[in-house]
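First comes the structure, then the notes that go with it.
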Amino acid sequence: MMEFVFLAYPNSPELCMLFSLAYALIISGNILIVVSIQKEAHLHTPMYYFLGSLSGIELCYTAVVVPHICATQMVFLIGLGSADCFLLAIMAYDRYVAICHPLQFPLIMTVTICVRLVVASVVIGLFLSLQLVNNFFCDAPPVMRLVCATSHIHELSVLVAATLAIAVPFFFIATTYALIVAAVFKLHSVAGRHRAFNTCSSHLTVVLLQYGCCAFMYLCPNSNYHPKQDQFISMVYILGTPFLNPLIYTLRNSEMKGAIGKILTRNYLSEKLIA
């Protein structure tokens with residue numbers, strides 16, 4: 001009988017403490033974003049709705065690495081990771097409509113459309129992951145190297161899913177930003193250009209980090225596989241990106257900083273009154 005033995009990350013107190021701290025910050029940071037957007041009425045716009053949805057997905061995306069039922073873990077890991085990529089593409093489209101077609105923005109990005117786009121991202125992501133679960137489990141690339149039988153069909157299924165979830169949304173985002181840049185350069189106001197670029201810079205930073213790591217893991221040839229290197233990169237998109245997202249979106253956004261400050265101040269005053 002043949003078995004797979006999954007090795008844990010190096011069991012050192014320093015790494016455990018670092019991972020625990022990162023996990024706690026990911027959970028608290030993304031919850032703060034979701035709660036702030038829900039509580040503050042002036043943040044009930046498509047951009048912040050998508051940002052709240054992204055934070056909610058990344059809460060689940062990070063949490064699914066905890067269960068040790070590997071097939072379940074892989075379904076949700078790849079499904080929510082794919083939904084993350086699709087949602088980043090939708091956020092790029094939202095910025096495109098807001099900058100290039102501002103007068104039509106309220107008509108195009110309605111609440112109904114926003115909800116449908118988020119639901120479609122999650123459904124398509126989970127559908128892609130379910131196509132792979134009968135073949136292998138946990139994170140796909142490392143397990144593929146352990147398969148003893150001929151695995152060309154399995155590798156092709158991973159490549160197709162990765163192309164649909166990573167390459168297609170990335171090219172859509174690249175096209176969207178090319179149109180945004182062309183529209184911004186037509187603006188006569190320097191302040192308007194700066195505001196437009198500042199609005200997009202946070203999203204673009206997250207896109208490059210997320211898609212760069214995912215493309216390296218899922219779109220590279222098998223001959224480029226290096227276990228230690230891939231282990232580090234997988235930690236970047238499992239913990240690094242969800243950890244950096246709240247920082248990137250809040251530190252560069254005065255509205256989010258103000259909303260989070262209000263939530264924290266309100267909770268602090270409530271605790272003082274109760275005490």
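Order determines the names: the first chain of the structure tokens is A, the second B, and so forth; residues in each chain are numbered 1 upward, and ligands are numbered 1 upward as they are shown.
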Q | Nearby residues (only C-alpha atoms) at most 12 Å from Ala120 of chain A, same-chain spacing under 2 positions excluded, as an NGL selection string | A | :A and (79-80 or 82-84 or 86-87 or 90 or 113-118 or 122-127)
Could you dump the residues just selected with C-alpha atoms as a PDB file, in the first residue's frame?
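What follows is the written file again07.pdb:
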```pdb
ATOM      1  CA  GLY A  79     -12.094  27.909  -5.259  1.00  0.00           C
ATOM      2  CA  LEU A  80     -11.694  30.974  -3.043  1.00  0.00           C
ATOM      3  CA  SER A  82      -9.866  31.757  -8.012  1.00  0.00           C
ATOM      4  CA  ALA A  83     -12.729  33.916  -6.714  1.00  0.00           C
ATOM      5  CA  ASP A  84     -10.096  36.313  -5.350  1.00  0.00           C
ATOM      6  CA  PHE A  86     -11.937  37.139 -10.507  1.00  0.00           C
ATOM      7  CA  LEU A  87     -12.906  39.766  -7.932  1.00  0.00           C
ATOM      8  CA  ILE A  90     -14.102  43.049 -11.369  1.00  0.00           C
ATOM      9  CA  ILE A 113     -24.998  43.964 -10.684  1.00  0.00           C
ATOM     10  CA  CYS A 114     -22.386  44.185  -7.893  1.00  0.00           C
ATOM     11  CA  VAL A 115     -24.004  41.337  -5.937  1.00  0.00           C
ATOM     12  CA  ARG A 116     -24.298  39.175  -9.050  1.00  0.00           C
ATOM     13  CA  LEU A 117     -20.639  39.769  -9.962  1.00  0.00           C
ATOM     14  CA  VAL A 118     -19.425  38.745  -6.489  1.00  0.00           C
ATOM     15  CA  VAL A 122     -17.332  32.583  -5.975  1.00  0.00           C
ATOM     16  CA  VAL A 123     -19.477  30.129  -7.979  1.00  0.00           C
ATOM     17  CA  ILE A 124     -17.060  30.001 -10.948  1.00  0.00           C
ATOM     18  CA  GLY A 125     -14.068  29.665  -8.602  1.00  0.00           C
ATOM     19  CA  LEU A 126     -15.635  26.729  -6.734  1.00  0.00           C
ATOM     20  CA  PHE A 127     -16.720  25.136 -10.038  1.00  0.00           C
TER      21      PHE A 127
END
```
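Counting from atom CA of Ser55 of chain A, the distance to atom CA of Asn30 of chain A is 5.1 Å.
Considering only C-alpha atoms, the residue among A:Ser121, A:Thr176, A:Ser254, A:Ser129 positioned nearest to Leu77 of chain A is A:Ser129.
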Q. Leaving out segment 206-212 of chain A and any residue of its chain fewer than 6 positions from it, which residues lie within 8 Å of it when counting only C-alpha atoms, given as a ChimeraX atom specification?
A. /A:85,88,166,170,237,241,245,248
Generate the output file for the selected residues, all heavy atoms, as a tab-separated table (two decimals), in the first residue's frame.
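Contents of again-v8.tsv, freshly written:
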```tsv
chain	number	residue	atom	x	y	z
A	85	CYS	N	-9.08	36.12	-7.55
A	85	CYS	CA	-8.56	36.63	-8.83
A	85	CYS	C	-9.66	37.25	-9.67
A	85	CYS	O	-9.47	38.32	-10.26
A	85	CYS	CB	-7.88	35.49	-9.60
A	85	CYS	SG	-6.36	34.88	-8.84
A	88	LEU	N	-10.65	40.66	-8.20
A	88	LEU	CA	-9.68	41.72	-8.53
A	88	LEU	C	-9.91	42.24	-9.94
A	88	LEU	O	-9.76	43.44	-10.21
A	88	LEU	CB	-8.25	41.18	-8.37
A	88	LEU	CG	-7.76	40.98	-6.93
A	88	LEU	CD1	-6.43	40.25	-6.92
A	88	LEU	CD2	-7.64	42.31	-6.20
A	166	ILE	N	-6.38	32.68	-13.63
A	166	ILE	CA	-5.25	33.60	-13.43
A	166	ILE	C	-4.95	34.40	-14.69
A	166	ILE	O	-4.99	35.63	-14.67
A	166	ILE	CB	-3.99	32.81	-12.99
A	166	ILE	CG1	-4.25	32.07	-11.68
A	166	ILE	CG2	-2.81	33.77	-12.83
A	166	ILE	CD1	-3.16	31.09	-11.29
A	170	PHE	N	-6.07	38.34	-15.51
A	170	PHE	CA	-4.92	39.26	-15.54
A	170	PHE	C	-4.88	40.06	-16.84
A	170	PHE	O	-4.64	41.27	-16.83
A	170	PHE	CB	-3.62	38.49	-15.35
A	170	PHE	CG	-2.41	39.40	-15.34
A	170	PHE	CD1	-2.11	40.14	-14.21
A	170	PHE	CD2	-1.60	39.52	-16.46
A	170	PHE	CE1	-1.01	41.00	-14.20
A	170	PHE	CE2	-0.51	40.36	-16.46
A	170	PHE	CZ	-0.20	41.10	-15.32
A	237	TYR	N	1.17	33.90	-0.94
A	237	TYR	CA	-0.21	34.16	-1.35
A	237	TYR	C	-1.24	33.61	-0.37
A	237	TYR	O	-2.41	33.98	-0.42
A	237	TYR	CB	-0.49	33.68	-2.79
A	237	TYR	CG	-0.47	32.20	-3.06
A	237	TYR	CD1	-1.52	31.39	-2.71
A	237	TYR	CD2	0.60	31.62	-3.75
A	237	TYR	CE1	-1.52	30.04	-2.99
A	237	TYR	CE2	0.61	30.27	-4.05
A	237	TYR	CZ	-0.45	29.48	-3.67
A	237	TYR	OH	-0.44	28.14	-3.94
A	241	THR	N	-0.40	38.04	1.02
A	241	THR	CA	-1.36	38.91	0.33
A	241	THR	C	-2.54	39.28	1.22
A	241	THR	O	-2.87	40.47	1.32
A	241	THR	CB	-1.85	38.23	-0.96
A	241	THR	OG1	-0.71	37.83	-1.74
A	241	THR	CG2	-2.69	39.18	-1.79
A	245	ASN	N	-3.18	43.23	2.17
A	245	ASN	CA	-4.35	43.89	1.59
A	245	ASN	C	-4.99	44.94	2.51
A	245	ASN	O	-5.23	46.07	2.09
A	245	ASN	CB	-5.40	42.86	1.17
A	245	ASN	CG	-5.04	42.21	-0.16
A	245	ASN	OD1	-4.00	42.51	-0.74
A	245	ASN	ND2	-5.89	41.33	-0.63
A	248	ILE	N	-2.59	47.93	2.66
A	248	ILE	CA	-2.51	48.69	1.40
A	248	ILE	C	-3.77	49.52	1.18
A	248	ILE	O	-3.71	50.70	0.84
A	248	ILE	CB	-2.29	47.73	0.21
A	248	ILE	CG1	-0.89	47.10	0.29
A	248	ILE	CG2	-2.45	48.46	-1.12
A	248	ILE	CD1	-0.66	45.97	-0.68
```
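Atom pair atom CA of Ala259 of chain A / atom CA of Ser53 of chain A: separated by 16.7 Å.
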Q: Please indicate the distance in Å from atom CA of Gly261 of chain A to atom CA of Leu204 of chain A, rounded to one decimal place.
A: 24.9 Å
Q) Which of these residues is nearest to Asn198 of chain A, using only C-alpha atoms: A:Cys214, A:Gly52, A:Lys186, A:Tyr249? A) A:Tyr249
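In terms of minimum interatomic distance to Tyr177 of chain A, A:Met91 ranks closest within A:Val75, A:Met91, A:Val64, A:Leu21, counting only C-alpha atoms.
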